[in-house]
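coords_27.pdb follows; it contains PDB, C-alpha atoms.
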```pdb
ATOM      1  CA  MET C   1     -52.698-277.313 -15.685
ATOM      2  CA  ARG C   2     -54.780-275.550 -18.317
ATOM      3  CA  ARG C   3     -57.812-277.664 -17.420
ATOM      4  CA  VAL C   4     -57.428-276.921 -13.722
ATOM      5  CA  PHE C   5     -57.142-273.181 -14.438
ATOM      6  CA  LEU C   6     -60.120-273.100 -16.767
ATOM      7  CA  ALA C   7     -62.554-275.038 -14.599
ATOM      8  CA  PRO C   8     -63.496-272.322 -12.043
ATOM      9  CA  LEU C   9     -63.448-269.629 -14.728
ATOM     10  CA  LEU C  10     -65.825-271.512 -16.973
ATOM     11  CA  LEU C  11     -68.193-272.558 -14.202
ATOM     12  CA  GLY C  12     -68.255-268.948 -13.030
ATOM     13  CA  PHE C  13     -69.089-267.818 -16.536
ATOM     14  CA  ALA C  14     -71.971-270.312 -16.612
ATOM     15  CA  ALA C  15     -73.285-269.134 -13.271
ATOM     16  CA  MET C  16     -73.476-265.569 -14.620
ATOM     17  CA  LEU C  17     -76.396-266.628 -16.829
ATOM     18  CA  GLY C  18     -79.143-266.099 -14.274
ATOM     19  CA  CYS C  19     -82.884-266.161 -15.017
ATOM     20  CA  SER C  20     -83.084-262.428 -15.753
ATOM     21  CA  THR C  21     -80.120-262.653 -18.105
ATOM     22  CA  ILE C  22     -81.687-265.624 -19.835
ATOM     23  CA  GLN C  23     -84.925-263.728 -20.398
ATOM     24  CA  SER C  24     -83.027-260.725 -21.790
ATOM     25  CA  LEU C  25     -80.952-262.880 -24.108
ATOM     26  CA  SER C  26     -84.096-264.642 -25.288
ATOM     27  CA  SER C  27     -85.793-261.408 -26.310
ATOM     28  CA  LEU C  28     -82.680-259.811 -27.775
ATOM     29  CA  ALA C  29     -81.736-262.863 -29.779
ATOM     30  CA  GLY C  30     -85.245-263.275 -31.186
ATOM     31  CA  LEU C  31     -85.403-266.879 -30.153
ATOM     32  CA  GLY C  32     -89.163-267.071 -29.766
ATOM     33  CA  MET C  33     -91.157-269.788 -31.495
ATOM     34  CA  SER C  34     -94.899-269.551 -31.994
ATOM     35  CA  ASP C  35     -97.178-272.164 -30.462
ATOM     36  CA  GLU C  36     -98.458-272.986 -33.924
ATOM     37  CA  ASP C  37     -94.961-273.688 -35.266
ATOM     38  CA  LEU C  38     -93.989-275.730 -32.223
ATOM     39  CA  ASN C  39     -97.189-277.771 -32.334
ATOM     40  CA  LYS C  40     -96.671-278.436 -36.029
ATOM     41  CA  ALA C  41     -93.083-279.558 -35.507
ATOM     42  CA  ALA C  42     -94.151-281.813 -32.633
ATOM     43  CA  ALA C  43     -96.933-283.349 -34.716
ATOM     44  CA  GLU C  44     -94.468-284.140 -37.508
ATOM     45  CA  ALA C  45     -92.061-285.725 -35.030
ATOM     46  CA  PHE C  46     -94.892-287.787 -33.559
ATOM     47  CA  GLU C  47     -95.951-289.038 -36.991
ATOM     48  CA  ASP C  48     -92.363-289.995 -37.735
ATOM     49  CA  LEU C  49     -92.122-291.865 -34.434
ATOM     50  CA  LYS C  50     -95.296-293.808 -35.202
ATOM     51  CA  LYS C  51     -93.677-295.016 -38.413
ATOM     52  CA  LYS C  52     -90.496-296.133 -36.678
ATOM     53  CA  GLU C  53     -91.925-297.661 -33.508
ATOM     54  CA  THR C  54     -94.231-300.670 -33.203
ATOM     55  CA  ILE C  55     -97.710-299.541 -32.208
ATOM     56  CA  GLU C  56     -99.412-301.773 -29.653
ATOM     57  CA  THR C  57    -102.590-303.332 -31.054
ATOM     58  CA  ASN C  58    -103.752-305.218 -27.958
ATOM     59  CA  ALA C  59    -107.240-303.865 -27.271
ATOM     60  CA  TYR C  60    -107.034-304.433 -23.514
ATOM     61  CA  ILE C  61    -103.777-302.492 -23.128
ATOM     62  CA  ASN C  62    -104.959-299.664 -25.368
ATOM     63  CA  ARG C  63    -108.263-299.355 -23.528
ATOM     64  CA  TYR C  64    -106.503-299.254 -20.155
ATOM     65  CA  VAL C  65    -103.854-296.664 -21.086
ATOM     66  CA  LYS C  66    -106.298-294.437 -22.951
ATOM     67  CA  CYS C  67    -108.748-294.586 -20.052
ATOM     68  CA  VAL C  68    -106.098-293.222 -17.691
ATOM     69  CA  ALA C  69    -104.830-290.634 -20.167
ATOM     70  CA  ASN C  70    -108.300-289.399 -21.095
ATOM     71  CA  ASN C  71    -109.184-288.850 -17.442
ATOM     72  CA  ILE C  72    -106.049-286.706 -17.107
ATOM     73  CA  VAL C  73    -106.610-284.623 -20.232
ATOM     74  CA  GLU C  74    -110.244-284.006 -19.297
ATOM     75  CA  VAL C  75    -109.043-281.828 -16.416
ATOM     76  CA  THR C  76    -106.188-280.286 -18.413
ATOM     77  CA  GLN C  77    -106.299-276.800 -19.868
ATOM     78  CA  ASP C  78    -103.581-276.349 -22.453
ATOM     79  CA  PRO C  79    -102.516-272.678 -22.846
ATOM     80  CA  THR C  80    -101.863-273.169 -26.557
ATOM     81  CA  GLY C  81    -105.490-274.100 -27.166
ATOM     82  CA  VAL C  82    -105.266-277.866 -27.669
ATOM     83  CA  LYS C  83    -108.733-279.373 -27.363
ATOM     84  CA  GLN C  84    -108.126-282.951 -28.461
ATOM     85  CA  TRP C  85    -105.244-285.218 -27.480
ATOM     86  CA  GLU C  86    -103.925-288.172 -29.457
ATOM     87  CA  ILE C  87    -102.822-291.108 -27.314
ATOM     88  CA  VAL C  88    -100.665-293.889 -28.747
ATOM     89  CA  VAL C  89     -99.287-296.965 -26.985
ATOM     90  CA  PHE C  90     -95.947-298.233 -28.301
ATOM     91  CA  ARG C  91     -94.912-301.877 -27.904
ATOM     92  CA  ASN C  92     -91.500-301.292 -26.413
ATOM     93  CA  ASN C  93     -89.869-302.519 -23.195
ATOM     94  CA  ALA C  94     -88.542-299.051 -22.375
ATOM     95  CA  VAL C  95     -89.893-297.645 -19.110
ATOM     96  CA  ASN C  96     -90.999-294.438 -20.751
ATOM     97  CA  ALA C  97     -93.819-292.085 -21.647
ATOM     98  CA  PHE C  98     -93.949-288.608 -23.130
ATOM     99  CA  ALA C  99     -96.278-285.808 -24.132
ATOM    100  CA  LEU C 100     -95.623-283.347 -26.933
ATOM    101  CA  PRO C 101     -96.921-279.855 -27.691
ATOM    102  CA  GLY C 102    -100.059-279.960 -29.767
ATOM    103  CA  GLY C 103    -101.658-282.720 -27.700
ATOM    104  CA  LYS C 104     -99.645-285.881 -28.396
ATOM    105  CA  ILE C 105     -99.119-288.575 -25.747
ATOM    106  CA  GLY C 106     -96.990-291.690 -26.132
ATOM    107  CA  VAL C 107     -96.802-294.514 -23.601
ATOM    108  CA  TYR C 108     -94.378-297.438 -23.861
ATOM    109  CA  THR C 109     -95.617-300.821 -22.680
ATOM    110  CA  GLY C 110     -92.460-301.252 -20.579
ATOM    111  CA  LEU C 111     -93.773-298.553 -18.264
ATOM    112  CA  LEU C 112     -96.658-300.785 -17.209
ATOM    113  CA  SER C 113     -94.272-303.073 -15.329
ATOM    114  CA  VAL C 114     -93.281-300.173 -13.054
ATOM    115  CA  ALA C 115     -96.459-298.070 -13.001
ATOM    116  CA  LYS C 116     -98.398-301.000 -11.608
ATOM    117  CA  ASN C 117    -101.900-299.578 -11.354
ATOM    118  CA  GLN C 118    -104.067-296.822 -12.812
ATOM    119  CA  ASN C 119    -103.014-294.297 -10.171
ATOM    120  CA  GLN C 120     -99.307-294.772 -10.778
ATOM    121  CA  LEU C 121     -99.789-294.570 -14.534
ATOM    122  CA  ALA C 122    -101.819-291.385 -13.994
ATOM    123  CA  ALA C 123     -98.866-289.915 -12.086
ATOM    124  CA  VAL C 124     -96.586-290.491 -15.078
ATOM    125  CA  ILE C 125     -99.031-289.211 -17.688
ATOM    126  CA  GLY C 126     -99.910-286.220 -15.508
ATOM    127  CA  HIS C 127     -96.213-285.397 -15.224
ATOM    128  CA  GLU C 128     -95.703-285.578 -18.980
ATOM    129  CA  VAL C 129     -98.771-283.458 -19.692
ATOM    130  CA  GLY C 130     -97.426-281.011 -17.106
ATOM    131  CA  HIS C 131     -94.378-280.447 -19.314
ATOM    132  CA  VAL C 132     -96.671-279.509 -22.189
ATOM    133  CA  ILE C 133     -98.992-277.108 -20.398
ATOM    134  CA  LYS C 134     -96.012-275.366 -18.756
ATOM    135  CA  GLU C 135     -94.397-275.082 -22.225
ATOM    136  CA  HIS C 136     -91.119-276.614 -21.105
ATOM    137  CA  GLY C 137     -90.324-277.781 -24.625
ATOM    138  CA  LYS C 138     -90.273-274.243 -25.920
ATOM    139  CA  ALA C 139     -88.173-273.052 -22.999
ATOM    140  CA  ARG C 140     -85.622-275.835 -23.451
ATOM    141  CA  MET C 141     -85.250-275.058 -27.125
ATOM    142  CA  GLN C 142     -84.609-271.428 -26.241
ATOM    143  CA  MET C 143     -82.105-272.419 -23.558
ATOM    144  CA  SER C 144     -80.098-274.500 -26.020
ATOM    145  CA  GLN C 145     -79.970-271.603 -28.464
ATOM    146  CA  ILE C 146     -79.079-269.143 -25.702
ATOM    147  CA  ALA C 147     -76.175-271.331 -24.594
ATOM    148  CA  ASN C 148     -74.795-271.212 -28.138
ATOM    149  CA  VAL C 149     -75.210-267.414 -28.256
ATOM    150  CA  ALA C 150     -73.422-267.104 -24.913
ATOM    151  CA  LEU C 151     -70.463-269.147 -26.125
ATOM    152  CA  GLU C 152     -70.141-267.040 -29.255
ATOM    153  CA  THR C 153     -70.324-263.743 -27.359
ATOM    154  CA  ALA C 154     -67.739-264.967 -24.840
ATOM    155  CA  GLY C 155     -65.081-264.294 -27.466
ATOM    156  CA  MET C 156     -63.435-267.690 -27.091
ATOM    157  CA  SER C 157     -61.295-268.737 -30.014
ATOM    158  CA  THR C 158     -62.781-271.560 -32.020
ATOM    159  CA  ASP C 159     -59.231-272.646 -32.823
ATOM    160  CA  ASN C 160     -58.916-274.141 -29.359
ATOM    161  CA  ALA C 161     -61.300-277.092 -29.327
ATOM    162  CA  MET C 162     -60.506-277.951 -25.717
ATOM    163  CA  VAL C 163     -61.474-274.467 -24.501
ATOM    164  CA  ILE C 164     -64.769-274.469 -26.410
ATOM    165  CA  GLN C 165     -65.583-277.932 -25.098
ATOM    166  CA  ALA C 166     -64.848-276.826 -21.546
ATOM    167  CA  VAL C 167     -67.011-273.715 -21.893
ATOM    168  CA  GLY C 168     -69.803-275.885 -23.210
ATOM    169  CA  LEU C 169     -69.386-278.263 -20.289
ATOM    170  CA  GLY C 170     -69.420-275.408 -17.799
ATOM    171  CA  ALA C 171     -72.504-273.866 -19.351
ATOM    172  CA  GLN C 172     -74.255-277.209 -19.301
ATOM    173  CA  TYR C 173     -73.575-277.992 -15.647
ATOM    174  CA  GLY C 174     -74.064-274.407 -14.514
ATOM    175  CA  VAL C 175     -77.256-273.581 -16.393
ATOM    176  CA  LEU C 176     -78.858-276.176 -18.632
ATOM    177  CA  LEU C 177     -79.071-279.109 -16.244
ATOM    178  CA  PRO C 178     -80.400-277.199 -13.216
ATOM    179  CA  PHE C 179     -82.911-275.531 -15.524
ATOM    180  CA  SER C 180     -84.070-278.956 -16.698
ATOM    181  CA  ARG C 181     -84.308-280.221 -13.122
ATOM    182  CA  SER C 182     -86.569-277.292 -12.278
ATOM    183  CA  HIS C 183     -88.775-278.331 -15.193
ATOM    184  CA  GLU C 184     -88.959-281.878 -13.890
ATOM    185  CA  SER C 185     -89.881-280.712 -10.406
ATOM    186  CA  GLU C 186     -92.555-278.388 -11.766
ATOM    187  CA  ALA C 187     -93.974-281.157 -13.948
ATOM    188  CA  ASP C 188     -94.097-283.451 -10.900
ATOM    189  CA  GLU C 189     -96.126-280.849  -9.011
ATOM    190  CA  VAL C 190     -98.475-280.186 -11.941
ATOM    191  CA  GLY C 191     -98.884-283.906 -12.570
ATOM    192  CA  LEU C 192     -99.757-284.478  -8.915
ATOM    193  CA  LYS C 193    -102.516-281.863  -9.153
ATOM    194  CA  LEU C 194    -103.849-283.200 -12.439
ATOM    195  CA  MET C 195    -104.113-286.786 -11.208
ATOM    196  CA  ALA C 196    -105.839-285.584  -8.039
ATOM    197  CA  MET C 197    -108.275-283.387  -9.981
ATOM    198  CA  ALA C 198    -109.085-286.383 -12.189
ATOM    199  CA  GLY C 199    -109.975-288.481  -9.135
ATOM    200  CA  PHE C 200    -106.881-290.686  -8.964
ATOM    201  CA  ASP C 201    -105.093-291.365  -5.669
ATOM    202  CA  PRO C 202    -102.192-288.857  -5.478
ATOM    203  CA  GLN C 203    -100.426-290.889  -2.787
ATOM    204  CA  GLU C 204     -99.641-293.502  -5.426
ATOM    205  CA  SER C 205     -97.239-291.012  -7.044
ATOM    206  CA  VAL C 206     -94.873-291.661  -4.141
ATOM    207  CA  THR C 207     -95.205-295.414  -4.598
ATOM    208  CA  LEU C 208     -94.421-294.974  -8.282
ATOM    209  CA  TRP C 209     -91.092-293.330  -7.514
ATOM    210  CA  GLN C 210     -90.330-295.940  -4.920
ATOM    211  CA  ASN C 211     -90.830-298.482  -7.695
ATOM    212  CA  MET C 212     -88.513-296.446  -9.929
ATOM    213  CA  ALA C 213     -85.851-296.353  -7.217
ATOM    214  CA  ALA C 214     -86.147-300.108  -6.713
ATOM    215  CA  MET C 215     -85.227-300.645 -10.363
ATOM    216  CA  GLY C 216     -81.668-299.683  -9.470
ATOM    217  CA  GLY C 217     -79.178-299.176 -12.262
ATOM    218  CA  ASP C 218     -76.400-296.630 -12.645
ATOM    219  CA  LYS C 219     -77.674-293.106 -12.159
ATOM    220  CA  PRO C 220     -75.521-289.953 -12.285
ATOM    221  CA  PRO C 221     -75.258-287.648  -9.257
ATOM    222  CA  GLU C 222     -78.216-285.270  -9.112
ATOM    223  CA  MET C 223     -76.050-282.201  -9.810
ATOM    224  CA  MET C 224     -74.996-283.766 -13.122
ATOM    225  CA  SER C 225     -78.432-285.039 -14.115
ATOM    226  CA  THR C 226     -81.348-283.501 -15.980
ATOM    227  CA  HIS C 227     -83.685-285.091 -13.437
ATOM    228  CA  PRO C 228     -83.978-284.819  -9.662
ATOM    229  CA  SER C 229     -83.001-287.961  -7.761
ATOM    230  CA  ASP C 230     -85.736-290.451  -6.916
ATOM    231  CA  GLN C 231     -85.514-289.490  -3.241
ATOM    232  CA  THR C 232     -85.769-285.762  -4.014
ATOM    233  CA  ARG C 233     -88.862-286.379  -6.098
ATOM    234  CA  ILE C 234     -90.465-288.440  -3.335
ATOM    235  CA  LYS C 235     -89.718-285.751  -0.759
ATOM    236  CA  ASP C 236     -91.149-282.993  -2.987
ATOM    237  CA  LEU C 237     -94.274-285.004  -3.770
ATOM    238  CA  GLN C 238     -94.863-285.642  -0.088
ATOM    239  CA  SER C 239     -94.508-281.925   0.670
ATOM    240  CA  ASN C 240     -97.324-281.192  -1.816
ATOM    241  CA  MET C 241     -99.502-284.140  -0.798
ATOM    242  CA  ALA C 242    -101.891-282.288   1.532
ATOM    243  CA  ASP C 243    -103.042-279.970  -1.267
ATOM    244  CA  ALA C 244    -103.308-282.885  -3.684
ATOM    245  CA  LEU C 245    -105.451-284.901  -1.274
ATOM    246  CA  ALA C 246    -107.776-281.910  -0.876
ATOM    247  CA  LEU C 247    -108.141-281.708  -4.672
ATOM    248  CA  SER C 248    -108.799-285.427  -4.788
ATOM    249  CA  GLN C 249    -111.609-285.097  -2.241
ATOM    250  CA  VAL C 250    -113.214-282.353  -4.320
ATOM    251  CA  ALA C 251    -112.956-284.555  -7.422
ATOM    252  CA  LYS C 252    -114.588-287.471  -5.608
ATOM    253  CA  SER C 253    -117.437-285.216  -4.452
ATOM    254  CA  GLN C 254    -117.968-284.309  -8.106
ATOM    255  CA  GLY C 255    -118.314-287.965  -9.031
ATOM    256  CA  LYS C 256    -114.839-288.383 -10.526
ATOM    257  CA  ASN C 257    -113.823-291.936  -9.718
ATOM    258  CA  PRO C 258    -111.788-293.470 -12.568
ATOM    259  CA  SER C 259    -112.014-297.219 -13.030
ATOM    260  CA  CYS C 260    -109.417-298.096 -15.637
ATOM    261  CA  GLN C 261    -108.956-301.850 -15.386
TER     262      GLN C 261
END
```

Starting from the coordinates I provided, produce the structure as structure tokens.
Amino acid sequence: MRRVFLAPLLLGFAAMLGCSTIQSLSSLAGLGMSDEDLNKAAAEAFEDLKKKETIETNAYINRYVKCVANNIVEVTQDPTGVKQWEIVVFRNNAVNAFALPGGKIGVYTGLLSVAKNQNQLAAVIGHEVGHVIKEHGKARMQMSQIANVALETAGMSTDNAMVIQAVGLGAQYGVLLPFSRSHESEADEVGLKLMAMAGFDPQESVTLWQNMAAMGGDKPPEMMSTHPSDQTRIKDLQSNMADALALSQVAKSQGKNPSCQ
């Protein structure tokens, strides 16, 4: 009975944290982090990862991945002032890639079985770089801290572990996950533009997500996930395709025609 009673109350409390409230809490709580500090922390994490993961040494694979990534970063303007990007390929079957503040890109070899050509790989790398130039990492760190501040200011007794856990759950589903989904959608849109500006075929971004969907596997409902569903991503990409194709035509007229084999 207590769980049933608490559920709407806690979800309502989470919903109260709108964007304006989040911005106010961020400034009042002093949760800002400088670009320099964030870039330094990311660089340290990247160095640590390189020690733990197996770095791919195959020259062909490295040349291919770096060719795609370099074409993307050449048209990228990072607001924190990054001029040079480090690109590392990790020998790992995970279908994964990432980009970190400070200009760090990691690509796992498992991704190459799903991103089956240079255009599809460009869609992934463009998406990851999009997270960096939109400073999503900083925003997510602030959101996590804000959620903790909100729980403390709610006046809930820490003696009741179930209540605190429920408040945390409500805050997560009501604020943190939708916020993350908006980041993913924005990164998809930015990545689409970047790959088009670099001369890649933006239509292949749709094929990429069709490949992702074909992988199957257990995926949580979209409302409980940090990522939009595959079908939502495809629909959103298609809605932005006309602009991306126009950018691609401009890139081609400027002689941008990547050939990463």

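The two atoms in question, atom CA of C:Ser34 and atom CA of C:Asn71, are spaced 28.1 Å apart.
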
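Rounded to one decimal, atom CA of C:Lys83 and atom CA of C:His131 lie 16.5 Å from each other.
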
Next on the checklist: Evaluate the PyMOL selection byres ((chain C and resi 252) around 12) against this structure - the residues, as a PyMOL selection string, please.
Outcome noted: chain C and resi 195-201+245-251+253-258

Next on the checklist: Taking only C-alpha atoms into account, name the residue in C:Cys260, C:Ile55, C:Ile61, C:Val129 that is nearest to C:Leu112.
Outcome noted: C:Ile61

Checklist entry - Within 12 Å of stretch 90-92 of chain C, counting only C-alpha atoms, which residues qualify if same-chain residues fewer than 3 places away don't, as number ranges by chain? => result C: 46, 49-58, 61-62, 65, 87, 95-98, 105-113

Item to check | Hits from the PyMOL selection byres ((chain C and resi 121) around 9), listed as a ChimeraX atom specification | outcome: /C:65,68-69,111-112,114-120,122-126,205,208

Next on the checklist: Just checking: using only C-alpha atoms, which residue out of C:Val75, C:Val132, C:Leu100, C:Ala42 ends up closest to C:Lys193?
Outcome noted: C:Val75

Checklist entry - Selected by the PyMOL selection byres ((chain C and resi 135) around 12) in the shown coordinates: which residues, as a ChimeraX atom specification? => result /C:33-35,38-39,78-80,99-103,128-134,136-142,183,186-187

Listed atoms of stretch 234-248 of chain C, axis-aligned box, 3 Å per side: centre and edge lengths to one decimal in Å, as AutoDock Vina command-line options?
```
--center_x -99.3 --center_y -284.2 --center_z -1.6 --size_x 25.1 --size_y 14.5 --size_z 12.3
```

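Using only C-alpha atoms, the nearest neighbour of C:His127 within the list C:Ala244, C:Leu237, C:Tyr64, C:Glu189 is C:Glu189.
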
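Take atom CA of C:Ser182 and atom CA of C:Ala43: the distance between them is 25.4 Å.
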